[in-house]
Structures are given as structure tokens and as C-alpha cells.
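Structure data (TSV, C-alpha atoms) from entry12.tsv:
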```tsv
chain	number	residue	atom	x	y	z
A	26	MET	CA	130.26	-23.87	40.89
A	27	ARG	CA	128.34	-24.02	37.64
A	28	ARG	CA	127.24	-20.71	36.19
A	29	ILE	CA	123.49	-20.18	35.46
A	30	ASN	CA	123.08	-18.26	32.25
A	31	GLY	CA	120.95	-15.12	31.99
A	32	THR	CA	118.16	-16.76	29.96
A	33	ALA	CA	117.49	-19.34	32.66
A	34	LEU	CA	117.26	-16.65	35.31
A	35	VAL	CA	114.76	-14.69	33.26
A	36	ILE	CA	112.60	-17.81	32.76
A	37	VAL	CA	112.63	-18.59	36.49
A	38	ALA	CA	111.66	-15.01	37.32
A	39	LEU	CA	108.80	-15.01	34.82
A	40	VAL	CA	107.42	-18.30	36.15
A	41	GLY	CA	107.51	-16.98	39.69
A	42	THR	CA	105.76	-13.75	38.70
A	43	LEU	CA	103.02	-15.56	36.80
A	44	GLY	CA	102.48	-17.91	39.74
A	45	ALA	CA	102.12	-14.99	42.13
A	46	LEU	CA	99.63	-13.31	39.82
A	47	ALA	CA	97.63	-16.48	39.27
A	48	PHE	CA	97.35	-17.54	42.91
A	49	PRO	CA	94.93	-14.80	43.98
A	50	VAL	CA	92.75	-15.63	40.96
A	51	TRP	CA	92.63	-19.32	41.82
A	52	SER	CA	91.98	-18.71	45.51
A	53	TYR	CA	89.63	-15.74	45.17
A	54	ALA	CA	86.50	-17.87	45.32
A	55	ASP	CA	87.29	-18.78	48.93
A	56	ARG	CA	88.20	-15.32	50.18
A	57	ALA	CA	86.05	-13.36	52.62
A	58	GLY	CA	83.44	-11.20	50.94
A	59	THR	CA	82.77	-13.51	48.00
A	60	GLY	CA	79.56	-15.41	47.47
A	61	GLN	CA	81.17	-18.73	48.33
A	62	ALA	CA	82.63	-17.35	51.56
A	63	ASN	CA	79.33	-15.79	52.56
A	64	LEU	CA	77.55	-19.08	51.88
A	65	ALA	CA	80.01	-20.97	54.07
A	66	SER	CA	79.99	-18.40	56.88
A	67	GLY	CA	77.96	-19.65	59.81
A	68	THR	CA	76.95	-22.85	58.02
A	69	VAL	CA	76.54	-25.93	60.22
A	70	PRO	CA	76.00	-29.54	59.15
A	71	THR	CA	72.70	-31.29	59.91
A	72	ARG	CA	71.23	-34.65	58.94
A	73	TRP	CA	68.96	-32.76	56.49
A	74	GLY	CA	71.84	-30.92	54.80
A	75	PRO	CA	73.91	-27.79	55.52
A	76	LEU	CA	72.09	-25.07	57.46
A	77	THR	CA	73.21	-21.57	56.50
A	78	ALA	CA	72.74	-18.22	58.19
A	79	THR	CA	70.25	-17.32	55.44
A	80	ASP	CA	68.30	-20.51	56.15
A	81	ARG	CA	68.11	-19.66	59.84
A	82	ASP	CA	67.05	-16.10	59.04
A	83	LEU	CA	64.07	-17.37	57.04
A	84	ILE	CA	63.03	-19.71	59.85
A	85	VAL	CA	63.01	-16.80	62.30
A	86	ARG	CA	61.18	-14.51	59.87
A	87	VAL	CA	58.43	-17.07	59.30
A	88	ARG	CA	57.95	-17.35	63.05
A	89	LEU	CA	57.91	-13.55	63.47
A	90	ALA	CA	55.31	-13.19	60.73
A	91	GLY	CA	52.85	-15.27	62.70
A	92	LEU	CA	53.58	-13.48	65.96
A	93	TRP	CA	52.31	-10.14	64.66
A	94	GLU	CA	49.89	-11.13	61.89
A	95	LEU	CA	47.74	-13.32	64.12
A	96	PRO	CA	46.90	-10.48	66.54
A	97	ALA	CA	46.49	-8.13	63.55
A	98	ALA	CA	43.93	-10.51	62.04
A	99	GLN	CA	42.10	-10.89	65.34
A	100	GLN	CA	41.92	-7.12	65.70
A	101	ALA	CA	40.48	-6.76	62.19
A	102	LEU	CA	37.64	-9.13	62.98
A	103	GLU	CA	36.67	-6.86	65.87
A	104	ARG	CA	37.10	-3.49	64.16
A	105	ALA	CA	36.25	-4.09	60.48
A	106	PRO	CA	33.62	-6.81	60.12
A	107	GLY	CA	33.10	-6.31	56.35
A	108	GLU	CA	33.08	-9.47	54.25
A	109	ALA	CA	36.37	-8.77	52.44
A	110	MET	CA	38.15	-8.01	55.71
A	111	LYS	CA	36.65	-11.06	57.37
A	112	GLU	CA	37.91	-13.24	54.52
A	113	ALA	CA	41.40	-11.73	54.69
A	114	ALA	CA	41.58	-12.05	58.47
A	115	ASP	CA	40.34	-15.63	58.28
A	116	HIS	CA	43.07	-16.55	55.79
A	117	LEU	CA	45.73	-14.92	57.93
A	118	ILE	CA	44.62	-16.78	61.06
A	119	VAL	CA	44.34	-20.17	59.34
A	120	GLY	CA	47.52	-19.72	57.30
A	121	HIS	CA	49.77	-18.58	60.12
A	122	THR	CA	48.41	-21.08	62.63
A	123	ASP	CA	49.34	-23.82	60.14
A	124	LEU	CA	52.67	-22.25	59.19
A	125	ASP	CA	53.63	-21.68	62.83
A	126	LYS	CA	53.26	-25.40	63.56
A	127	ARG	CA	55.49	-26.15	60.59
A	128	VAL	CA	58.18	-23.64	61.49
A	129	ARG	CA	58.28	-24.72	65.13
A	130	GLY	CA	58.81	-28.31	64.03
A	131	VAL	CA	61.60	-27.30	61.65
A	132	ALA	CA	63.25	-25.12	64.30
A	133	ARG	CA	63.09	-27.93	66.86
A	134	ASP	CA	64.72	-30.42	64.49
A	135	LEU	CA	67.43	-27.99	63.36
A	136	GLY	CA	68.12	-26.49	66.79
A	137	VAL	CA	67.17	-22.92	65.81
A	138	GLU	CA	66.00	-20.68	68.66
A	139	LEU	CA	62.77	-18.85	67.87
A	140	PRO	CA	61.48	-15.50	69.17
A	141	ASN	CA	58.28	-15.38	71.19
A	142	GLN	CA	57.36	-11.72	70.64
A	143	PRO	CA	57.04	-9.55	67.52
A	144	ASN	CA	60.11	-7.44	66.85
A	145	GLU	CA	60.15	-3.69	67.39
A	146	GLN	CA	59.13	-2.86	63.82
A	147	GLN	CA	56.24	-5.30	63.87
A	148	GLN	CA	55.03	-4.00	67.22
A	149	GLY	CA	55.10	-0.54	65.66
A	150	TRP	CA	52.86	-1.77	62.85
A	151	LEU	CA	50.41	-3.19	65.37
A	152	ASN	CA	50.43	0.13	67.19
A	153	GLN	CA	49.69	1.94	63.92
A	154	MET	CA	46.69	-0.29	63.35
A	155	THR	CA	45.42	0.27	66.86
A	156	ALA	CA	45.83	4.04	66.58
A	157	ALA	CA	44.16	4.29	63.16
A	158	SER	CA	40.76	5.96	63.06
A	159	ASP	CA	37.73	3.93	62.05
A	160	GLU	CA	37.72	5.75	58.69
A	161	ASP	CA	41.35	4.88	57.95
A	162	TYR	CA	41.58	1.50	59.64
A	163	VAL	CA	40.95	-0.77	56.66
A	164	LYS	CA	43.48	1.08	54.49
A	165	VAL	CA	46.15	1.14	57.22
A	166	TRP	CA	45.61	-2.52	58.06
A	167	ALA	CA	45.58	-3.82	54.49
A	168	ASN	CA	48.60	-1.81	53.34
A	169	LEU	CA	50.83	-2.61	56.30
A	170	LEU	CA	50.14	-6.32	55.88
A	171	ARG	CA	50.37	-6.29	52.07
A	172	SER	CA	53.69	-4.45	52.19
A	173	ALA	CA	55.14	-6.88	54.75
A	174	HIS	CA	54.07	-9.90	52.69
A	175	GLY	CA	55.51	-8.38	49.53
A	176	LYS	CA	58.90	-7.85	51.16
A	177	ILE	CA	59.30	-11.40	52.45
A	178	PHE	CA	58.07	-12.93	49.19
A	179	PRO	CA	61.36	-12.56	47.24
A	180	ALA	CA	63.37	-13.64	50.31
A	181	ILE	CA	61.42	-16.90	50.39
A	182	GLY	CA	62.18	-17.47	46.70
A	183	THR	CA	65.89	-16.86	47.24
A	184	VAL	CA	66.10	-19.39	50.06
A	185	ARG	CA	63.97	-21.90	48.16
A	186	ASN	CA	66.40	-21.62	45.26
A	187	GLN	CA	69.70	-21.90	47.08
A	188	THR	CA	69.16	-23.87	50.29
A	189	ARG	CA	70.72	-27.32	50.54
A	190	ASN	CA	68.67	-28.25	53.59
A	191	THR	CA	65.59	-30.35	52.84
A	192	LEU	CA	63.60	-29.12	55.86
A	193	VAL	CA	64.25	-25.48	54.99
A	194	ARG	CA	63.40	-26.14	51.34
A	195	GLN	CA	60.01	-27.58	52.34
A	196	LEU	CA	59.38	-24.71	54.76
A	197	ALA	CA	60.15	-22.21	51.99
A	198	SER	CA	57.67	-23.99	49.70
A	199	ASP	CA	55.00	-23.93	52.42
A	200	ALA	CA	55.67	-20.27	53.23
A	201	ASN	CA	55.61	-19.31	49.55
A	202	GLN	CA	52.11	-20.71	49.06
A	203	THR	CA	50.81	-19.20	52.29
A	204	VAL	CA	52.23	-15.75	51.56
A	205	LEU	CA	50.86	-15.74	48.01
A	206	ASP	CA	47.43	-16.67	49.36
A	207	HIS	CA	47.59	-13.82	51.88
A	208	ILE	CA	48.75	-11.31	49.28
A	209	THR	CA	45.78	-12.28	47.12
A	210	VAL	CA	43.12	-11.93	49.81
A	211	LEU	CA	44.62	-8.67	51.09
A	212	GLU	CA	44.36	-7.23	47.59
A	213	LYS	CA	40.74	-8.37	47.38
A	214	THR	CA	39.88	-5.89	50.16
A	215	GLY	CA	40.23	-3.12	47.55
A	216	ALA	CA	42.21	-1.02	50.03
A	217	VAL	CA	45.76	-1.74	48.82
A	218	ASP	CA	47.65	1.30	47.50
A	219	PHE	CA	49.73	-0.23	44.71
A	220	ASP	CA	51.41	3.08	43.85
A	221	ALA	CA	52.70	3.43	47.41
A	222	ILE	CA	53.94	-0.16	47.46
A	223	ALA	CA	55.71	0.25	44.11
A	224	ASN	CA	57.39	3.48	45.21
A	225	ASP	CA	58.44	1.99	48.53
A	226	SER	CA	59.90	-1.11	46.89
A	227	VAL	CA	62.22	0.91	44.63
A	228	ALA	CA	63.20	3.57	47.18
A	229	GLY	CA	66.96	4.05	47.00
A	230	SER	CA	67.28	2.03	43.80
A	231	THR	CA	69.61	3.47	41.15
A	232	ALA	CA	69.66	0.70	38.54
A	233	SER	CA	68.27	1.51	35.13
A	234	PRO	CA	65.03	-0.30	34.24
A	235	SER	CA	65.35	-3.31	31.97
A	236	GLY	CA	62.95	-5.10	29.69
A	237	PRO	CA	61.41	-4.42	26.29
A	238	PRO	CA	60.80	-0.83	25.14
A	239	PRO	CA	57.46	0.82	25.95
A	240	PRO	CA	54.66	0.26	23.45
A	241	ALA	CA	54.34	2.78	20.65
A	242	ALA	CA	51.20	4.91	20.69
A	243	GLY	CA	48.55	3.66	18.28
A	244	VAL	CA	50.44	0.48	17.40
A	245	THR	CA	48.89	-2.87	18.27
A	246	PRO	CA	51.45	-5.69	18.37
A	247	GLY	CA	50.61	-8.96	16.70
A	248	ALA	CA	49.20	-11.71	18.87
A	249	ALA	CA	51.79	-14.11	20.20
A	250	PRO	CA	51.30	-17.78	19.39
A	251	PRO	CA	50.39	-20.05	22.31
A	252	ALA	CA	53.16	-21.89	24.11
A	253	GLU	CA	51.97	-25.49	24.04
A	254	ALA	CA	53.43	-28.95	24.18
A	255	THR	CA	53.23	-30.77	20.87
A	256	GLY	CA	52.49	-34.37	20.06
A	257	ASP	CA	50.13	-36.93	21.59
A	258	ILE	CA	50.57	-36.16	25.29
A	259	ASP	CA	48.23	-37.07	28.15
A	260	THR	CA	48.33	-34.85	31.23
A	261	THR	CA	46.58	-35.27	34.57
A	262	SER	CA	47.68	-32.35	36.74
A	263	ARG	CA	45.76	-29.12	37.24
A	264	PRO	CA	47.09	-25.54	37.37
A	265	SER	CA	48.16	-24.48	40.84
A	266	PRO	CA	47.14	-23.04	43.24
A	267	GLY	CA	43.54	-22.96	41.98
A	268	GLN	CA	41.01	-20.18	42.29
A	269	PRO	CA	42.35	-16.77	43.41
A	270	GLY	CA	42.59	-16.56	47.16
A	271	THR	CA	42.89	-20.30	47.64
A	272	VAL	CA	45.90	-22.52	48.06
A	273	ASN	CA	45.26	-26.21	47.40
A	274	THR	CA	48.55	-27.68	48.54
A	275	ASN	CA	47.38	-31.23	49.33
A	276	ARG	CA	49.90	-31.11	52.16
A	277	PRO	CA	49.58	-33.34	55.23
A	278	ASP	CA	48.65	-31.53	58.43
A	279	PRO	CA	51.74	-30.27	60.24
A	280	GLU	CA	52.97	-32.09	63.30
A	281	ASP	CA	52.46	-30.17	66.53
A	282	PRO	CA	55.96	-29.76	68.03
A	283	ASP	CA	54.54	-29.36	71.54
A	284	ALA	CA	52.63	-32.62	71.29
A	285	ALA	CA	55.69	-34.39	69.93
A	286	ALA	CA	57.77	-33.18	72.88
A	287	THR	CA	55.29	-34.54	75.44
A	288	PRO	CA	56.44	-37.91	76.85
```

Can you present the structure in this file as C-alpha cells?
Amino acid sequence: MRRINGTALVIVALVGTLGALAFPVWSYADRAGTGQANLASGTVPTRWGPLTATDRDLIVRVRLAGLWELPAAQQALERAPGEAMKEAADHLIVGHTDLDKRVRGVARDLGVELPNQPNEQQQGWLNQMTAASDEDYVKVWANLLRSAHGKIFPAIGTVRNQTRNTLVRQLASDANQTVLDHITVLEKTGAVDFDAIANDSVAGSTASPSGPPPPAAGVTPGAAPPAEATGDIDTTSRPSPGQPGTVNTNRPDPEDPDAAATP
């Protein structure tokens, strides 16, 4: 039997050790708990692209929003007939009636089961509105709705950014415009407590604030130059979404899923 010298054995051992160390690094992206694993978890294929758990969560949340905000808007028309409240309630009713048709169509096509009642938290918000005194009603109503819209707003942006499903991407775009419209008209009531919303949004946060340093007292910074395209350029589009409180989407009317299901 041929004798293997000591140098060869050392080399073999080193190669094996390096391979063992490298393998977890190469395979880590697919391990449970990583972003890639979370993205793949619960994902199912559809003709419109992969449908993730996060996609399905947004679909359900859009449906739930309409289930509690429609009765909240109807209640406001009865209890607080001021012009600003009437405008806000009108936008909520129109926006969520439209958005509900869209989400029901998306859910039907993607096979996502939708709830038919507000969840426990949303029912609690409706109960708070009902129990509010006439003096406090506008403030309670506007702040509960403004806070709820503010919390779903970043979730919509996250799904819009990362979804690979074309139906979900369009729903996120539709929901984004509707929610921004509702945030705007709710703020126009003049009853929104921005301090309370800011404090609630950072509750439990421990990260240090980022961004430029605070302005120095008595120092006026120089004016920044405009950011403009240069050269001979013709443009035809207009800024979106238009006047505050309006959303000009130029979208086609949503298909009614119930009508489509009728033979």
C-alpha cells in the first residue's frame, strides 16, 4: 500500500474544513427565517404571477377596510352633517364601494377567501364612534379613521414594491390612491390630532432618528436650486393626483364580481 505523506493529509483536511465552513454561507439564503425563505413560504403559482402570503394579507385588509369604513361613513352623515364631515364621508363611501368591487374581483380570480364582517378591532372602533358624545364625535370619528388609513398606507407601498403578481400590483396601486384621498379629506375636517398619531406611530420604537441635523437658530439656509429637466423637452402629462382631496386615476370602472358570476 502506498504511503500518503503528511503534507497531502493536511491539504485534504484544510479543503474539507473550508468546504464545511463555506456551505452554510452559500445555502443561508434559502434557510428558514431569511427574507428569501419568508418570501417563498406560502407562495402559490397563479396565471398572474406568484401569490405570496403578504399579497393575500393585503387583499384581505382592503376588503376589511370597506367593511367597517362604509358603516362609519354612513353613521357620520347621520350624526355630523357639517360640510367637511359630509365631504369626508362621501369620499369614504364612494372610494370603498369602488375598491370593494376591485378587491372582490381580484380575490375571485386568485381564489382568496374574503371576510364578510369587520374584525374585532374594527368593530371596537365602530363601537367607540357610536358611544362618543355629540361634542366628541367628530374628533373620535376623524382620528380613528385617519389612524387606520395611516397604518395601512406603508403596507400598501411594501406590497406594491415587492409583489410579482400583476393583479395584486394593480390592486395596491388602486388602494394607494384611494387611501391617500381619504387621508386628505379626513385631515380637511380639522379634527385630526397629529401629535397623537405621531406618538402612536413610534410607540415602542428604539431606533435613533436619522436625517439632516436640526436647523440652527437664526440661520437661514440658502435656497436650493430647482430640480428640472434640461434641454428642449416637450411634456404632456399633468401632476397627479390633482387638487387636494381628489384622485383623478382615469381608471376604468371595476367589474362587478357578482354580475360576472351570474350565468

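Across the model, the gap from CA of Ala97 in chain A to CA of Asn144 in chain A is 14.0 Å.
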
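Atom pair CA of Asn224 in chain A / CA of Ile118 in chain A: separated by 28.7 Å.
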
What lies within 8 Å of Gly91 in chain A using only C-alpha atoms, ignoring chain neighbours under 5 positions off, as a PDB file with C-alpha atoms, keeping the file's coordinate frame?
```
ATOM      1  CA  HIS A 121      49.770 -18.580  60.120  1.00  0.00           C
ATOM      2  CA  THR A 122      48.410 -21.080  62.630  1.00  0.00           C
ATOM      3  CA  LEU A 124      52.670 -22.250  59.190  1.00  0.00           C
ATOM      4  CA  ASP A 125      53.630 -21.680  62.830  1.00  0.00           C
TER       5      ASP A 125
END
```

| request: Would you work out the distance separating CA of Val128 in chain A from CA of Ile84 in chain A, expressed in Å to one decimal? | output: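 Value for the CA of Val128 in chain A-CA of Ile84 in chain A distance: 6.5 Å.
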
| remark: Shortest contact to Gln99 in chain A, candidates A:Met154, A:Pro240, A:Leu139, A:Ala78, atoms counted only C-alpha atoms, goes to A:Met154

| request: Could you tell me which of A:Leu211, A:Ala241, A:Ala200, A:Val193 comes closest to Leu135 in chain A if we count all atoms listed in the file? | output: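 Closest residue, counting all atoms listed in the file: A:Val193.
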
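Ranking A:Pro70, A:Pro239, A:Gly215, A:Gly130 by their shortest atom-to-atom distance to Glu108 in chain A, with all atoms listed in the file included, puts A:Gly215 first.
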
| task | Compute the distance from (66.0, -26.2, 66.0) to each atom, counting all atoms listed in the file, keep the residues with any atom at most 12 Å away, and return them as a list in words; use the coordinates of the file. | result |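 Applying the cut-off with all atoms listed in the file, one gets Thr71, Trp73, Leu76, Asp80, Arg81, Ile84, Val85, Arg127, Val128, Arg129, Gly130, Val131, Ala132, Arg133, Asp134, Leu135, Gly136, Val137, Glu138, Leu139, Leu192, Val193 and Pro282 of chain A.
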
| message | Which residues are close to Trp150 in chain A, i.e. within 9 Å by all atoms listed in the file, leaving aside same-chain residues fewer than 6 positions away? Reply as JSON, numbers by chain. | response | {"A": [93, 166, 169, 170]}

| request: Write out as a list of chain:residue names the residues lying within 9 Å of His174 in chain A, counting only C-alpha atoms and excluding same-chain residues fewer than 4 positions away. | output: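 Surrounding residues, per the criterion: A:Ala90, A:Leu169, A:Leu170, A:Phe178, A:Val204, A:Leu205, A:His207, A:Ile208.
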
| Pick from A:Arg104, A:Arg88, A:Asp206, A:Asn201, whichever lies nearest to Asp161 in chain A using only C-alpha atoms |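 Smallest separation from Asp161 in chain A among the options: A:Arg104.
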
| message | For a quick check of your reading of the model, name the residues lying within 12 Å of the coordinate (51.1, 6.7, 50.0), counting all atoms listed in the file, and write them as a VMD selection string. | response | chain A and resid 164 to 165 168 to 169 172 216 to 225

| For Thr68 in chain A, which residue among A:Thr203, A:Asn190, A:Thr155, A:Thr245 is the nearest when counting only C-alpha atoms? |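 Residue with the minimum atom-to-atom distance to Thr68 in chain A: A:Asn190.
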